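Everything on this sheet refers to the single structure shown next.
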2 protein chains.
Amino acid sequence: MSIFSHKNIEETYKQISSKILRTPLVMSEYINNITKAKVYFKLENLQSTGSFKLRGAINKISLLNSDDKKKGVVAYSSGNHAQAVAYASRINKINAKIIMPQTAPLIKINNTKMFGANVILYDPSKESRELMGLKIAKDEGRILIKPYDDYDIIAGQGTVGLEIAEDLFKKNIKPDIYLCCCGGGGLIAGSATYLKHFFPNIKCYSVEPNNFNDTQLSLEKNKIVSVPNNAKSICDALLATQPGEITFSINRKILEGGLSVSDDDVKKTIIFLSENLKIIAEPGGAVAAAALLNNKLEVSNKTIVVMISGGNIDNNFFANIVKS
Amino acid sequence: MSIFSHKNIEETYKQISSKILRTPLVMSEYINNITKAKVYFKLENLQSTGSFKLRGAINKISLLNSDDKKKGVVAYSSGNHAQAVAYASRINKINAKIIMPQTAPLIKINNTKMFGANVILYDPSKESRELMGLKIAKDEGRILIKPYDDYDIIAGQGTVGLEIAEDLFKKNIKPDIYLCCCGGGGLIAGSATYLKHFFPNIKCYSVEPNNFNDTQLSLEKNKIVSVPNNAKSICDALLATQPGEITFSINRKILEGGLSVSDDDVKKTIIFLSENLKIIAEPGGAVAAAALLNNKLEVSNKTIVVMISGGNIDNNFFANIVKS
C-alpha cells in the first residue's frame, strides 16, 4: 500500500463495525479538576476480548480468501492479539494456533484457549516467537497474522480513531492532545492517522514503559532504534523492543513525540482509574493515563484524548497492587 | 404531582443533561454466549460521583428557588446520594450537610467530604438518620433532599431510562426484560416508567439483597411491607427496609415482580464483571447482574437490559473478595 490514509480506515470501519463494540468516550469531572484540563478517555478495555486488538485481527482475518481460511492461521502475541486472533478465527470458523509466552497473564492464556485456539507456550528468555511463528506458518501452510506491522491490522486499529473523531464532532470539540500507548505502534499509527486528518492541530504522543521506549527514542533520532531485550516491565502488552517498519514509517510523520512512564506510575494509575473511572485497565492499557496523571506533559486548559487500550489483568495481580 | 409519566422525565432531561455524563450501554459477546441472551449493561458506575444518584440530586437542587438555595441543604445517605448531593451542591454553590453511617465505605465518606459537604457520621444501630435529618432541617432551616421518595428525584433517576431507550431505538432493538437494583425504589420507578412507555411489552424486575427484599415482598402482597432492620448485607446502597410511598405507588403499577440475590452471588458477580466487562461495580450496583448470572429468571433468547448502578467500592474490599 503506497499511501495509507483516513480513507483506508473508513473503508475498514464499514467492513468491521458490525463485528466489534463501539466503545464509549467518557469524561470525569474529578479528573478534569485535578488535571485542569478536559480529558476524554476512550475505553477500549470494554472492547470484545478486552482490548482494541480485535479491530485489527477481525479485519485481517475477514479479508483472507477462502483458500487461506482453510489453511488456518498462526499468530504470536503476549496475549491481547492472541485473544483477538482466537476470537476472530472462531467467528470465521478458522483453525488458529497461537504462540504465547509462558509468562503471559493467566487471564489472557485462558481466554485464548476458551475461544478455541490451540495455544503453544514458549520461554521468552530462550526462544524467538517470530521464528516459531514463521516456522509453523511454513511447516503447516498457515497464514501468519502479524500483531502490528501490516496495513490491514493498522487500518483495523485505526477505527478506534474514527469512533473518537465522530464522538468529538458530535460535541463540537477539537482535541489538542492525543495520548496513546505504543508497543509495536499499530494502534497509534492507525488512530493518529485518522485524528490528525480531521484535527490537523492535534499533537499525538506515544506512551511506553520506561525501558521499552523504542518508539520515543526512534522518534528522537528519526530512525528505527532498538532497546535491550532483557529489561523488565509489568506492561506485558508493550514489550516490543523496536518499532515496526510500517508502523514507524507512519508514526514518524504524524507523532509529535514519545513519552514514557515507570511501572510504579502505572500501578498507581491502575488503582486511580478503578477508583475514579470505575474501570479495570491492564498495565499496558494504563500507560497513556499514567503519562497524563504523572505530569509527563503540560496539559493545563487543553482538551486531551487518552486511550485506555485494554483491561486484561489477572484479578490477583490487581489485588496485590491494591494491597502493596 | 398527580400523574407522573415519561413526559416529566423528558422535561427533566432537558434541564440536567448538560450537567451529567451520558453513560454507555455496552454488550459482551462472552456474556451473551453464556446466558444465551442479548444483554445490554447500562454503566451508571461511570456516572460522575460514581453512581446514578447524581441525576436526581442535581435535578432537585437545581430546582430550588434562590431563598432555599441560601438556606442550604441536608441529606441522609449511606453514601451515593451523599456524594451526589455534595457534588450538586458544590456546583450550585450551596452549603450542604450530609448525615452518613459511620459504617459507610470510606471511598463514599471521603468523596462526600472532598466535594465540600459537612459530613456528620452516626451509628446506624442506635440512631435514626431520618429523625436526624428532619431535626437538622428544622433547627437550621435547611432544605431536606430526600434520597428517593420525591418526584423530582425520581424524574432525575428516570433520565437513565431515557438514555437507554434512545440507544435501543438507534439499534432498532426492543428489550424483553429490564433488571434494576432497588433500595428505596427511585431509580427503577423513574427508569421503568420511561422504558415501559416506549416498550409496553418489557417486563421490569426489581433486584434486592436477600434480606432487604421489601419491594419484592410488597409487590407480592400489593401493599407496602417492611423487612426487619437488623439484617446484614454487603450491599450498603440497598439497605432500605421498606419501599417509599411514592416510589411504590409507581412501581406497583409497572413492575412485573421482584428478585433477590445473596451476598455470595454479589461477590462472585463483582469479580465476574471486573474480568468480563472490565468495570468496577459496587455490591449494590451489581445485584441486577447477579440476578442474571445466577439464573434468577429465564432469559434464553431474550433481550435484557441490566443496570449497573454504581461503582463506589473500597479497593481493599474488592481486593479481599478477590483473595477470598
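Letters A, B, ... go to the chains of the C-alpha cells in the order shown; residues in each chain start at 1; ligands are counted from 1 in the same order.
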
**OP:** Check every residue of chain B for an atom within 9 Å of chain A, counting only C-alpha atoms, and provide those that qualify as a ChimeraX atom specification.
**Re:** /B:21-30,45-50,107,271,274-281,310-316,318-323

Subject >> Distance query Gly116 (chain B) at most 7 Å, only C-alpha atoms, self and fewer than 3 positions along chain excluded, as a list in words >> reply: Ala86, Arg90, Thr112 and Lys113 of chain B

**OP:** as a PyMOL selection string, list the residues of region 73-155 of chain B assigned to helix (DSSP H, G or I) by DSSP on the backbone atoms of this structure.
**Re:** chain B and resi 80-91+106-114+129-140+151-155

Selection to disk with C-alpha atoms, as a PDB file, in the first residue's frame:
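New file again15.pdb:
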```
ATOM      1  CA  ASN B  80     -24.118   7.501  46.872  1.00  0.00           C
ATOM      2  CA  HIS B  81     -26.874  10.046  47.443  1.00  0.00           C
ATOM      3  CA  ALA B  82     -24.456  11.735  49.859  1.00  0.00           C
ATOM      4  CA  GLN B  83     -21.801  12.203  47.193  1.00  0.00           C
ATOM      5  CA  ALA B  84     -24.406  13.268  44.650  1.00  0.00           C
ATOM      6  CA  VAL B  85     -25.932  15.922  46.930  1.00  0.00           C
ATOM      7  CA  ALA B  86     -22.486  17.159  47.917  1.00  0.00           C
ATOM      8  CA  TYR B  87     -21.398  17.419  44.291  1.00  0.00           C
ATOM      9  CA  ALA B  88     -24.653  19.017  43.098  1.00  0.00           C
ATOM     10  CA  SER B  89     -24.473  21.491  45.999  1.00  0.00           C
ATOM     11  CA  ARG B  90     -20.935  22.462  45.148  1.00  0.00           C
ATOM     12  CA  ILE B  91     -21.688  23.237  41.534  1.00  0.00           C
ATOM     13  CA  LEU B 106     -14.506   5.020  53.185  1.00  0.00           C
ATOM     14  CA  ILE B 107     -14.488   5.968  49.493  1.00  0.00           C
ATOM     15  CA  LYS B 108     -18.021   7.341  49.884  1.00  0.00           C
ATOM     16  CA  ILE B 109     -17.279   9.295  53.063  1.00  0.00           C
ATOM     17  CA  ASN B 110     -14.037  10.714  51.656  1.00  0.00           C
ATOM     18  CA  ASN B 111     -15.588  11.733  48.350  1.00  0.00           C
ATOM     19  CA  THR B 112     -18.512  13.437  50.078  1.00  0.00           C
ATOM     20  CA  LYS B 113     -16.040  15.477  52.125  1.00  0.00           C
ATOM     21  CA  MET B 114     -13.926  16.150  49.048  1.00  0.00           C
ATOM     22  CA  ARG B 129     -30.957   9.096  60.137  1.00  0.00           C
ATOM     23  CA  GLU B 130     -34.424  10.216  59.109  1.00  0.00           C
ATOM     24  CA  LEU B 131     -35.020  11.860  62.529  1.00  0.00           C
ATOM     25  CA  MET B 132     -31.555  13.412  62.486  1.00  0.00           C
ATOM     26  CA  GLY B 133     -32.237  14.808  59.023  1.00  0.00           C
ATOM     27  CA  LEU B 134     -35.591  16.258  59.990  1.00  0.00           C
ATOM     28  CA  LYS B 135     -34.138  17.815  63.141  1.00  0.00           C
ATOM     29  CA  ILE B 136     -31.288  19.497  61.299  1.00  0.00           C
ATOM     30  CA  ALA B 137     -33.676  20.697  58.602  1.00  0.00           C
ATOM     31  CA  LYS B 138     -35.891  22.251  61.270  1.00  0.00           C
ATOM     32  CA  ASP B 139     -33.187  23.636  63.567  1.00  0.00           C
ATOM     33  CA  GLU B 140     -31.048  25.101  60.809  1.00  0.00           C
ATOM     34  CA  TYR B 151     -40.991  13.150  42.259  1.00  0.00           C
ATOM     35  CA  ASP B 152     -38.090  15.417  41.281  1.00  0.00           C
ATOM     36  CA  ILE B 153     -35.604  12.802  42.433  1.00  0.00           C
ATOM     37  CA  ILE B 154     -37.479  10.020  40.630  1.00  0.00           C
ATOM     38  CA  ALA B 155     -37.670  12.074  37.429  1.00  0.00           C
TER      39      ALA B 155
END
```

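Using only C-alpha atoms, the shortest contact distance between Ile234 (chain B) and any of B:Ala104, B:Val119, B:Met307, B:Ile145 is found at B:Ala104.
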
**OP:** Please measure the separation of CA of Asn32 (chain B) and CA of Ala289 (chain B), giving the value in Å to one decimal.
**Re:** 12.5 Å

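Distance-wise, CA of Ala286 (chain B) and CA of Gly161 (chain B) end up 17.6 Å apart.
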
Original post:
Contacts of Val225 (chain A) at 8 Å or less, counting only C-alpha atoms, minus same-chain residues fewer than 6 places along, as a PyMOL selection string?
Top reply: chain A and resi 214-215+217-218+242-243

Subject >> Point-to-point distance in Å for CA of Asn92 (chain B) and CA of Leu64 (chain B) >> reply: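 So the answer is 10.0 Å.
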
Original post:
Pick from B:Ala192, B:Val287, B:Ile9, B:Ala237: nearest to Thr103 (chain B), with only C-alpha atoms counted?
Top reply: B:Ala237

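Residues surrounding Cys182 (chain B) within 6 Å are Gly185, Ser206, Val207 and Glu208 of chain B [only C-alpha atoms; sequence separation below 2 positions excluded].
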
**OP:** May I ask which of the residues A:Lys203, A:Lys267, A:Lys232, A:Lys53 is the closest one to Leu297 (chain A), counting only C-alpha atoms?
**Re:**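 Nearest candidate to Leu297 (chain A) out of A:Lys203, A:Lys267, A:Lys232, A:Lys53: A:Lys203.
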
**OP:** Find the residue from B:Lys36, B:Leu63, B:Gly285, B:Gly72 that sits nearest to Asp236 (chain B); use only C-alpha atoms when measuring.
**Re:** B:Gly285

**OP:** Give me every strand (DSSP E) residue in region 252-309 of chain A, going by DSSP on the backbone, as a VMD selection string.
**Re:** chain A and resid 255 to 261 303 to 308

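Shortest separation to Arg142 (chain B) among B:Lys7, B:Lys14, B:Lys70, B:Lys223 occurs at residue B:Lys70, atoms counted being only C-alpha atoms.
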